[in-house]
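Asks: My structure is below; once you've seen it, I'll send some questions.
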Amino acid sequence: LAGINTILAHPERYRAIQQNWDLAKYICDLGVRLQINAYDLVLTQNNQARSLAQWMAEERLISFIGSDMHGTREGSRKPHMKEGIRWLYENVDATYADDVVRKNAEKYLGIEKLPVASK
């Protein structure tokens with residue numbers, strides 16, 4: 001009602017959602033957008049987080065994919081975007097993957113098109 005748009009980052013890591021996956025659906029029904037980390041889709045050693053992230057993608061609950069990058073210095077968290085984006089395109093339909101990877105962010109930010117990084 002106040003015009004606030006809420007994005008919940010890395011819901012796949014929250015214990016409450018790991019214990020009750022339907023909570024992710026409930027949160028989405030409230031209008032909250034979910035952003036999972038690309039790393040958690042394929043590379044994390046946390047099996048609960050990986051399984052939950054993949055399930056949320058398959059259930060079309062996520063709106064955004066993020067890097068969870070915390071810096072560029074040695075030892076800081078790296079983005080690992082390519083691996084997560086590849087998983088999306090291999091496991092969900094391309095239209096939904098396009099929305100998660102680019103189009104939802106473009107709409108949310110009110111811009112026509114995000115720049116594409118070169119290889």
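Labels used: A, B, ... for chains in the order of the structure tokens, numbers from 1 for residues in each chain, and numbers from 1 for ligands as shown.
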Applying 12 Å and only C-alpha atoms, which residues near A:His10 remain after dropping the ones on its own chain fewer than 4 positions away? List them as a list in words.

Replies: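 Those residues are Tyr14, Arg15, Ile17, Gln18, Ala24, Arg33, Leu34, Gln35, Ile36, Asn37, Ala38, Tyr39, Asp40, Leu41, Ala49, Arg50, Leu52, Ala53, Met56, Ile62, Ser63, Phe64, Ile65, Gly66, Ser67 and Asp68 of chain A.
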
Asks: What does the structure give for the distance between atom CA of A:His70 and atom CA of A:Lys25, in Å to one decimal?

Replies: 28.1 Å

Asks: When you count only C-alpha atoms, which of these residues is closest to A:Val32: A:Thr6, A:Thr95, A:Gln54, A:Gln48?

Replies: A:Thr6

Asks: Counting only C-alpha atoms, which of A:Met69, A:Ala105, A:Ala57, A:Ala9 gets nearest to A:Asn91?

Replies: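 Ranked by minimum distance to A:Asn91, first place goes to A:Ala57.
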
Asks: Just list as a VMD selection string whatever in chain A DSSP marks as alpha helix (DSSP H).

Replies: chain A and resid 15 to 19 22 to 29 38 to 42 47 to 58 81 to 91 94 to 98 104 to 109

Asks: Restricting it to C-alpha atoms, dump the selection as a PDB file, in the first residue's frame.

Replies:
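The result, written out as part_17.pdb:
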```pdb
ATOM      1  CA  ARG A  15      16.523 -21.860   7.988  1.00  0.00           C
ATOM      2  CA  ALA A  16      12.768 -21.166   8.260  1.00  0.00           C
ATOM      3  CA  ILE A  17      12.318 -21.568   4.499  1.00  0.00           C
ATOM      4  CA  GLN A  18      14.623 -24.601   4.398  1.00  0.00           C
ATOM      5  CA  GLN A  19      12.361 -26.224   7.005  1.00  0.00           C
ATOM      6  CA  ASP A  22       5.907 -23.629   1.134  1.00  0.00           C
ATOM      7  CA  LEU A  23       6.914 -20.538   3.094  1.00  0.00           C
ATOM      8  CA  ALA A  24       8.643 -19.334  -0.097  1.00  0.00           C
ATOM      9  CA  LYS A  25       5.305 -19.556  -1.935  1.00  0.00           C
ATOM     10  CA  TYR A  26       3.559 -17.717   0.888  1.00  0.00           C
ATOM     11  CA  ILE A  27       6.150 -14.916   0.802  1.00  0.00           C
ATOM     12  CA  CYS A  28       5.705 -14.572  -2.961  1.00  0.00           C
ATOM     13  CA  ASP A  29       1.929 -14.451  -2.530  1.00  0.00           C
ATOM     14  CA  ALA A  38      23.742 -17.989  -8.738  1.00  0.00           C
ATOM     15  CA  TYR A  39      26.330 -19.776  -6.598  1.00  0.00           C
ATOM     16  CA  ASP A  40      23.646 -21.562  -4.597  1.00  0.00           C
ATOM     17  CA  LEU A  41      22.028 -23.085  -7.700  1.00  0.00           C
ATOM     18  CA  VAL A  42      25.007 -25.308  -8.484  1.00  0.00           C
ATOM     19  CA  ASN A  47      22.770 -29.344  -0.109  1.00  0.00           C
ATOM     20  CA  GLN A  48      19.683 -27.805   1.535  1.00  0.00           C
ATOM     21  CA  ALA A  49      20.360 -24.392   0.000  1.00  0.00           C
ATOM     22  CA  ARG A  50      21.093 -25.879  -3.434  1.00  0.00           C
ATOM     23  CA  SER A  51      17.990 -28.097  -3.455  1.00  0.00           C
ATOM     24  CA  LEU A  52      15.782 -25.253  -2.269  1.00  0.00           C
ATOM     25  CA  ALA A  53      17.201 -22.780  -4.808  1.00  0.00           C
ATOM     26  CA  GLN A  54      16.636 -25.264  -7.624  1.00  0.00           C
ATOM     27  CA  TRP A  55      13.099 -26.030  -6.430  1.00  0.00           C
ATOM     28  CA  MET A  56      12.239 -22.313  -6.229  1.00  0.00           C
ATOM     29  CA  ALA A  57      13.484 -21.855  -9.793  1.00  0.00           C
ATOM     30  CA  GLU A  58      11.519 -24.873 -11.021  1.00  0.00           C
ATOM     31  CA  MET A  81      27.103 -15.898 -12.290  1.00  0.00           C
ATOM     32  CA  LYS A  82      27.832 -17.984 -15.386  1.00  0.00           C
ATOM     33  CA  GLU A  83      27.290 -21.308 -13.623  1.00  0.00           C
ATOM     34  CA  GLY A  84      23.956 -20.285 -12.090  1.00  0.00           C
ATOM     35  CA  ILE A  85      22.656 -18.718 -15.286  1.00  0.00           C
ATOM     36  CA  ARG A  86      23.654 -21.822 -17.247  1.00  0.00           C
ATOM     37  CA  TRP A  87      21.727 -23.980 -14.750  1.00  0.00           C
ATOM     38  CA  LEU A  88      18.615 -21.822 -15.219  1.00  0.00           C
ATOM     39  CA  TYR A  89      18.672 -22.079 -19.005  1.00  0.00           C
ATOM     40  CA  GLU A  90      19.232 -25.834 -18.824  1.00  0.00           C
ATOM     41  CA  ASN A  91      16.465 -26.516 -16.279  1.00  0.00           C
ATOM     42  CA  ALA A  94      13.931 -19.951 -21.714  1.00  0.00           C
ATOM     43  CA  THR A  95      11.262 -17.262 -21.286  1.00  0.00           C
ATOM     44  CA  TYR A  96      11.303 -17.620 -17.504  1.00  0.00           C
ATOM     45  CA  ALA A  97      15.120 -17.753 -17.459  1.00  0.00           C
ATOM     46  CA  ASP A  98      15.222 -14.530 -19.529  1.00  0.00           C
ATOM     47  CA  ASN A 104      12.581  -8.504 -14.330  1.00  0.00           C
ATOM     48  CA  ALA A 105      15.532  -6.307 -13.339  1.00  0.00           C
ATOM     49  CA  GLU A 106      14.957  -4.052 -16.348  1.00  0.00           C
ATOM     50  CA  LYS A 107      11.287  -3.642 -15.395  1.00  0.00           C
ATOM     51  CA  TYR A 108      12.055  -3.175 -11.707  1.00  0.00           C
ATOM     52  CA  LEU A 109      14.703  -0.547 -12.419  1.00  0.00           C
TER      53      LEU A 109
END
```

Asks: Write out as a PDB file with N, CA and C atoms, in the first residue's frame all residues of chain A that DSSP puts in strand (DSSP E) for this structure's backbone.

Replies:
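Written output follows (states_4.pdb):
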```
ATOM      1  N   ILE A   7      12.384  -6.992  -1.976  1.00  0.00           N
ATOM      2  CA  ILE A   7      13.123  -8.115  -2.551  1.00  0.00           C
ATOM      3  C   ILE A   7      13.822  -8.818  -1.400  1.00  0.00           C
ATOM      4  N   LEU A   8      13.588 -10.115  -1.288  1.00  0.00           N
ATOM      5  CA  LEU A   8      14.229 -10.920  -0.262  1.00  0.00           C
ATOM      6  C   LEU A   8      15.420 -11.628  -0.892  1.00  0.00           C
ATOM      7  N   ALA A   9      16.612 -11.283  -0.422  1.00  0.00           N
ATOM      8  CA  ALA A   9      17.837 -11.859  -0.984  1.00  0.00           C
ATOM      9  C   ALA A   9      18.155 -13.196  -0.340  1.00  0.00           C
ATOM     10  N   ARG A  33       9.400 -10.171  -3.792  1.00  0.00           N
ATOM     11  CA  ARG A  33      10.178 -10.784  -4.874  1.00  0.00           C
ATOM     12  C   ARG A  33      11.366 -11.520  -4.257  1.00  0.00           C
ATOM     13  N   LEU A  34      11.716 -12.670  -4.810  1.00  0.00           N
ATOM     14  CA  LEU A  34      12.830 -13.466  -4.304  1.00  0.00           C
ATOM     15  C   LEU A  34      14.025 -13.381  -5.251  1.00  0.00           C
ATOM     16  N   GLN A  35      15.197 -13.202  -4.666  1.00  0.00           N
ATOM     17  CA  GLN A  35      16.448 -13.189  -5.427  1.00  0.00           C
ATOM     18  C   GLN A  35      17.352 -14.279  -4.874  1.00  0.00           C
ATOM     19  N   ILE A  36      17.636 -15.279  -5.694  1.00  0.00           N
ATOM     20  CA  ILE A  36      18.549 -16.332  -5.261  1.00  0.00           C
ATOM     21  C   ILE A  36      19.957 -15.996  -5.763  1.00  0.00           C
ATOM     22  N   ASN A  37      20.928 -16.640  -5.161  1.00  0.00           N
ATOM     23  CA  ASN A  37      22.308 -16.464  -5.587  1.00  0.00           C
ATOM     24  C   ASN A  37      22.664 -17.514  -6.628  1.00  0.00           C
ATOM     25  N   ILE A  62      11.283 -17.409  -8.180  1.00  0.00           N
ATOM     26  CA  ILE A  62      12.324 -16.386  -8.103  1.00  0.00           C
ATOM     27  C   ILE A  62      12.126 -15.335  -9.194  1.00  0.00           C
ATOM     28  N   SER A  63      12.477 -14.121  -8.840  1.00  0.00           N
ATOM     29  CA  SER A  63      12.365 -13.009  -9.783  1.00  0.00           C
ATOM     30  C   SER A  63      13.719 -12.528 -10.274  1.00  0.00           C
ATOM     31  N   PHE A  64      14.745 -12.725  -9.446  1.00  0.00           N
ATOM     32  CA  PHE A  64      16.072 -12.202  -9.768  1.00  0.00           C
ATOM     33  C   PHE A  64      17.133 -13.222  -9.392  1.00  0.00           C
ATOM     34  N   ILE A  65      18.276 -13.118 -10.063  1.00  0.00           N
ATOM     35  CA  ILE A  65      19.444 -13.920  -9.702  1.00  0.00           C
ATOM     36  C   ILE A  65      20.560 -12.933  -9.391  1.00  0.00           C
ATOM     37  N   GLY A  66      21.263 -13.180  -8.296  1.00  0.00           N
ATOM     38  CA  GLY A  66      22.324 -12.274  -7.869  1.00  0.00           C
ATOM     39  C   GLY A  66      23.656 -12.983  -7.746  1.00  0.00           C
TER      40      GLY A  66
END
```

Asks: Take atom CA of A:Glu112 and atom CA of A:Thr72 and report the distance between them in Å, one decimal.

Replies: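 So the answer is 28.6 Å.
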